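S.K.: Structure below; questions to follow.
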Amino acid sequence: VGAVKEGRTIYDNIVKFVRFQVSTSVGAILAVLGAQVLGLPMPFTAVHILWIAIIMDGPPAMTLGLEPARDGIMQEPPRRTDARFLSLGRLSRLAMYGLTMAAGTLLLLHHAGLSGPAYALTLAFTTFVLFQLFNVFNARVEHASAFNRQLFSNAKLWAALGAVLGLQMLAVHWSPAQNIFHTTDLSAQDWALAVVVASSILLLDECRKLLLKLLSGQRRST
């Protein structure tokens with residue numbers, strides 16, 4: 001029984017890791033393609049993309065593999081032997097996450113464009129990084145709400161997210177890093193705006209899960 005539980009947990013964590021990695025890649029690709037289609041400047045430089053790959057695909061993604069077993073994992077029936085990591089339903093949700101990240105990033109890129117290219121690029125870059133911080137929680141919990149009693153069960157994940165946020169603040173506000181990343185200082189209002197836009201990826205998915213739960217409850221009652 002213990003081996004089965006451990007096996008299910010490992011498989012579950014691999015799925016979380018893959019979902020997070022793929023959604024990040026989809027969001028970045030759509031943001032770059034969307035900027036070209038809409039005639040906007042590029043939202044990221046090559047250094048930004050490398051930075052996103054290092055800090056987001058590193059500690060946060062790896063700590064998803066250290067998640068404890070979620071509640072109810074042993075009450076589920078065995079998965080099919082031909083079950084896919086990325087089923088059609090998962091792929092559609094990942095596409096939705098990617099579209100949300102791309103739309104929010106390009107919206108702020110366009111919004112900040114009148115204040116100068118360096119400012120617009122910094123705000124778009126920061127917003128995309130913050131999107132990943134919120135998207136981690138979508139990756140953690142696929143069907144139930146992310147705001148459950150296991151929210152703080154993975155201390156390593158929270159430490160990784162705090163480290164990423166601190167590194168991003170250094171990339172934006174530390175003079176030597178500004179020369180490398182071609183960033184400029186953001187105000188507190190800019191950070192607040194980026195957080196509000198980036199949190200939409202989590203809030204929209206929570207609304208989706210709640211709607212599906214309500215619809216499922218109505219079907220059972222009828």
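A note on labels: chains of the structure tokens are A, B, ... as shown, every chain counts residues from 1, and ligands are counted from 1 in their shown order.
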Counting only C-alpha atoms, which residues in range 66-145 of chain A sit no more than 8 Å from range 21-29 of chain A? For each one, give the nearest pair of atoms and the distance in Å, sorted by chain then residue number, as JSON lines.
M.R.:
{"residue": "A:Leu94", "atom": "CA", "partner": "A:Ser23", "partner_atom": "CA", "distance": 5.1}
{"residue": "A:Ala95", "atom": "CA", "partner": "A:Val26", "partner_atom": "CA", "distance": 6.9}
{"residue": "A:Tyr97", "atom": "CA", "partner": "A:Ser23", "partner_atom": "CA", "distance": 6.2}
{"residue": "A:Gly98", "atom": "CA", "partner": "A:Gly27", "partner_atom": "CA", "distance": 3.8}
{"residue": "A:Leu99", "atom": "CA", "partner": "A:Gly27", "partner_atom": "CA", "distance": 6.2}
{"residue": "A:Thr100", "atom": "CA", "partner": "A:Gly27", "partner_atom": "CA", "distance": 7.6}
{"residue": "A:Met101", "atom": "CA", "partner": "A:Gly27", "partner_atom": "CA", "distance": 5.4}
{"residue": "A:Ala102", "atom": "CA", "partner": "A:Gly27", "partner_atom": "CA", "distance": 5.3}
{"residue": "A:Gln132", "atom": "CA", "partner": "A:Thr24", "partner_atom": "CA", "distance": 6.9}
S.K.: Please produce, as CSV, a per-residue contact table for range 84-149 of chain A versus range 69-77 of chain A (criterion: any atom at most 10 Å away, only C-alpha atoms considered), showing the nearest atom pair and its distance in Å to one decimal, sorted by chain then residue number.
M.R.:
residue,atom,partner,partner_atom,distance
A:Arg140,CA,A:Arg70,CA,9.5
A:Val141,CA,A:Arg70,CA,8.9
A:Asn148,CA,A:Asp71,CA,9.9
A:Arg149,CA,A:Asp71,CA,9.3
S.K.: Could you save the residues just selected, with N, CA, C and O atoms, as a compact mmCIF listing (two decimals), in the first residue's frame?
M.R.:
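That gives us again_28.txt:
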# COMPACT_ATOMS: atom_id res chain seq x y z
N ARG A 140 -0.08 22.95 -9.21
CA ARG A 140 -0.13 22.11 -8.00
C ARG A 140 -1.44 21.35 -7.90
O ARG A 140 -1.46 20.18 -7.50
N VAL A 141 -2.55 22.01 -8.21
CA VAL A 141 -3.87 21.41 -8.03
C VAL A 141 -4.62 21.50 -9.35
O VAL A 141 -4.96 22.60 -9.80
N ASN A 148 -6.46 25.20 -0.42
CA ASN A 148 -6.91 24.10 0.42
C ASN A 148 -5.97 23.96 1.61
O ASN A 148 -5.04 24.76 1.78
N ARG A 149 -6.18 22.96 2.44
CA ARG A 149 -5.40 22.83 3.66
C ARG A 149 -3.95 22.42 3.41
O ARG A 149 -3.13 22.47 4.33
S.K.: Determine the nearest neighbour of Leu157 in chain A from the options A:Ala3, A:Ile55, A:Ala61, A:Leu114, counting only C-alpha atoms.
M.R.: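 Nearest to Leu157 in chain A: A:Ala61.
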S.K.: Pull the alpha helix (DSSP H) assignments for range 138-205 of chain A out of DSSP run on the backbone, and list those residues as a VMD selection string.
M.R.: chain A and resid 138 to 140 155 to 173 175 to 181 188 to 205
S.K.: Would you pick out the contacts of Ile49 in chain A at 12 Å or less, using only C-alpha atoms, so that residues sharing its chain but fewer than 2 positions from it are not included, and give the list as a ChimeraX atom specification?
M.R.: /A:24-25,27-29,31-32,42-47,51-57,125-126,128-129,181
S.K.: Next, the residues of the selection above should be written as an mmCIF file, in the first residue's frame with N, CA, C and O atoms.
M.R.:
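Result file result_36.cif:
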data_model
loop_
_atom_site.group_PDB
_atom_site.id
_atom_site.type_symbol
_atom_site.label_atom_id
_atom_site.label_comp_id
_atom_site.auth_asym_id
_atom_site.auth_seq_id
_atom_site.Cartn_x
_atom_site.Cartn_y
_atom_site.Cartn_z
ATOM 1 N N THR A 24 4.381 27.532 -19.198
ATOM 2 C CA THR A 24 5.327 28.643 -19.267
ATOM 3 C C THR A 24 5.840 28.830 -20.688
ATOM 4 O O THR A 24 5.898 29.958 -21.204
ATOM 5 N N SER A 25 6.198 27.730 -21.340
ATOM 6 C CA SER A 25 6.701 27.803 -22.715
ATOM 7 C C SER A 25 5.634 28.311 -23.666
ATOM 8 O O SER A 25 5.910 29.140 -24.543
ATOM 9 N N GLY A 27 3.074 30.223 -22.955
ATOM 10 C CA GLY A 27 2.860 31.649 -22.694
ATOM 11 C C GLY A 27 3.924 32.514 -23.325
ATOM 12 O O GLY A 27 3.623 33.561 -23.924
ATOM 13 N N ALA A 28 5.183 32.104 -23.221
ATOM 14 C CA ALA A 28 6.278 32.886 -23.804
ATOM 15 C C ALA A 28 6.184 32.921 -25.328
ATOM 16 O O ALA A 28 6.357 33.977 -25.955
ATOM 17 N N ILE A 29 5.898 31.771 -25.929
ATOM 18 C CA ILE A 29 5.785 31.711 -27.389
ATOM 19 C C ILE A 29 4.634 32.573 -27.885
ATOM 20 O O ILE A 29 4.776 33.338 -28.855
ATOM 21 N N ALA A 31 3.268 35.126 -26.410
ATOM 22 C CA ALA A 31 3.558 36.543 -26.175
ATOM 23 C C ALA A 31 4.435 37.100 -27.292
ATOM 24 O O ALA A 31 4.198 38.209 -27.803
ATOM 25 N N VAL A 32 5.448 36.344 -27.689
ATOM 26 C CA VAL A 32 6.345 36.797 -28.754
ATOM 27 C C VAL A 32 5.602 36.854 -30.093
ATOM 28 O O VAL A 32 5.708 37.843 -30.837
ATOM 29 N N MET A 42 9.015 43.690 -29.138
ATOM 30 C CA MET A 42 9.212 42.394 -28.500
ATOM 31 C C MET A 42 9.085 42.537 -26.982
ATOM 32 O O MET A 42 9.686 43.434 -26.392
ATOM 33 N N PRO A 43 8.320 41.654 -26.327
ATOM 34 C CA PRO A 43 8.129 41.773 -24.877
ATOM 35 C C PRO A 43 9.332 41.298 -24.070
ATOM 36 O O PRO A 43 9.445 41.626 -22.889
ATOM 37 N N PHE A 44 10.219 40.514 -24.678
ATOM 38 C CA PHE A 44 11.390 39.993 -23.970
ATOM 39 C C PHE A 44 12.614 40.103 -24.870
ATOM 40 O O PHE A 44 12.513 40.048 -26.097
ATOM 41 N N THR A 45 13.756 40.231 -24.233
ATOM 42 C CA THR A 45 15.013 40.088 -24.947
ATOM 43 C C THR A 45 15.499 38.641 -24.770
ATOM 44 O O THR A 45 14.911 37.865 -23.995
ATOM 45 N N ALA A 46 16.570 38.297 -25.460
ATOM 46 C CA ALA A 46 17.123 36.947 -25.315
ATOM 47 C C ALA A 46 17.571 36.687 -23.875
ATOM 48 O O ALA A 46 17.401 35.582 -23.343
ATOM 49 N N VAL A 47 18.109 37.724 -23.233
ATOM 50 C CA VAL A 47 18.540 37.577 -21.833
ATOM 51 C C VAL A 47 17.343 37.343 -20.925
ATOM 52 O O VAL A 47 17.409 36.551 -19.976
ATOM 53 N N TRP A 51 16.723 34.191 -18.534
ATOM 54 C CA TRP A 51 16.453 34.413 -17.106
ATOM 55 C C TRP A 51 15.192 33.665 -16.670
ATOM 56 O O TRP A 51 15.179 33.005 -15.623
ATOM 57 N N ILE A 52 14.141 33.762 -17.473
ATOM 58 C CA ILE A 52 12.891 33.062 -17.156
ATOM 59 C C ILE A 52 13.127 31.561 -17.108
ATOM 60 O O ILE A 52 12.627 30.862 -16.219
ATOM 61 N N ALA A 53 13.896 31.058 -18.064
ATOM 62 C CA ALA A 53 14.178 29.622 -18.100
ATOM 63 C C ALA A 53 14.960 29.171 -16.868
ATOM 64 O O ALA A 53 14.709 28.095 -16.321
ATOM 65 N N ILE A 54 15.890 30.003 -16.409
ATOM 66 C CA ILE A 54 16.729 29.618 -15.274
ATOM 67 C C ILE A 54 15.965 29.686 -13.959
ATOM 68 O O ILE A 54 15.948 28.726 -13.174
ATOM 69 N N ILE A 55 15.306 30.817 -13.699
ATOM 70 C CA ILE A 55 14.706 30.994 -12.370
ATOM 71 C C ILE A 55 13.331 30.352 -12.242
ATOM 72 O O ILE A 55 12.920 30.002 -11.138
ATOM 73 N N MET A 56 12.601 30.194 -13.364
ATOM 74 C CA MET A 56 11.272 29.599 -13.265
ATOM 75 C C MET A 56 11.314 28.101 -13.527
ATOM 76 O O MET A 56 10.636 27.324 -12.855
ATOM 77 N N ASP A 57 12.095 27.676 -14.514
ATOM 78 C CA ASP A 57 12.175 26.249 -14.809
ATOM 79 C C ASP A 57 13.137 25.544 -13.864
ATOM 80 O O ASP A 57 13.333 24.332 -13.969
ATOM 81 N N PHE A 125 8.248 42.222 -18.852
ATOM 82 C CA PHE A 125 9.124 41.158 -18.358
ATOM 83 C C PHE A 125 8.765 40.768 -16.936
ATOM 84 O O PHE A 125 8.619 39.580 -16.601
ATOM 85 N N THR A 126 8.574 41.748 -16.078
ATOM 86 C CA THR A 126 8.232 41.488 -14.680
ATOM 87 C C THR A 126 6.861 40.844 -14.562
ATOM 88 O O THR A 126 6.660 39.920 -13.754
ATOM 89 N N PHE A 128 5.376 38.923 -16.709
ATOM 90 C CA PHE A 128 5.440 37.522 -17.137
ATOM 91 C C PHE A 128 6.055 36.647 -16.048
ATOM 92 O O PHE A 128 5.591 35.524 -15.817
ATOM 93 N N VAL A 129 7.091 37.144 -15.375
ATOM 94 C CA VAL A 129 7.686 36.383 -14.271
ATOM 95 C C VAL A 129 6.670 36.190 -13.145
ATOM 96 O O VAL A 129 6.540 35.092 -12.589
ATOM 97 N N PHE A 181 20.169 43.320 -17.965
ATOM 98 C CA PHE A 181 18.818 42.992 -18.413
ATOM 99 C C PHE A 181 18.131 44.151 -19.144
ATOM 100 O O PHE A 181 17.000 43.994 -19.605
#
S.K.: So, counting only C-alpha atoms, which residue among A:Ala146, A:Leu211, A:Ala171, A:Val15 is closest to Ser87 in chain A?
M.R.: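 For Ser87 in chain A, the nearest of the candidates is A:Val15.
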S.K.: Just to confirm, what's the straight-line distance from CA of Leu121 in chain A to CA of Leu202 in chain A in Å (one decimal)?
M.R.: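 Between CA of Leu121 in chain A and CA of Leu202 in chain A the gap works out to 23.3 Å.
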S.K.: What separation in Å, quoted to one decimal, exists between CA of Thr127 in chain A and CA of Ala194 in chain A?
M.R.: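 Separation of CA of Thr127 in chain A and CA of Ala194 in chain A: 5.0 Å.
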S.K.: Per residue of range 117-157 of chain A within 12 Å of range 204-208 of chain A, note the shortest atom pair and the distance in Å to one decimal, counting only C-alpha atoms, and order the rows by chain and increasing residue number, as a tab-separated table.
M.R.:
residue	atom	partner	partner_atom	distance
A:Phe134	CA	A:Asp205	CA	10.6
A:Asn135	CA	A:Asp205	CA	9.5
A:Val136	CA	A:Asp205	CA	11.9
A:Phe137	CA	A:Asp205	CA	9.9
A:Asn138	CA	A:Asp205	CA	7.2
A:Ala139	CA	A:Asp205	CA	10.6
A:Val141	CA	A:Glu206	CA	10.2
A:Glu142	CA	A:Asp205	CA	9.5
A:His143	CA	A:Glu206	CA	9.2
A:Ala144	CA	A:Glu206	CA	8.4
A:Ser145	CA	A:Glu206	CA	6.2
A:Ala146	CA	A:Glu206	CA	7.6
A:Phe147	CA	A:Glu206	CA	9.0
A:Asn148	CA	A:Glu206	CA	11.7
S.K.: From the list A:Leu66, A:His110, A:His48, A:Arg19, which residue is nearest Phe85 in chain A when using only C-alpha atoms?
M.R.: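 Selected residue with least distance to Phe85 in chain A: A:Arg19.
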S.K.: From the options A:Lys5, A:Arg80, A:Lys209, A:His182, which residue's atoms come nearest to Pro68 in chain A, counting only C-alpha atoms?
M.R.: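 Checking each of A:Lys5, A:Arg80, A:Lys209, A:His182 against Pro68 in chain A, counting only C-alpha atoms, the winner is A:Lys5.
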S.K.: Excluding Leu161 in chain A and residues on its chain fewer than 5 positions from it, collect all residues at most 9 Å away from it, counting only C-alpha atoms, and give them as number ranges by chain.
M.R.: A: 56, 59-60, 133, 156, 166
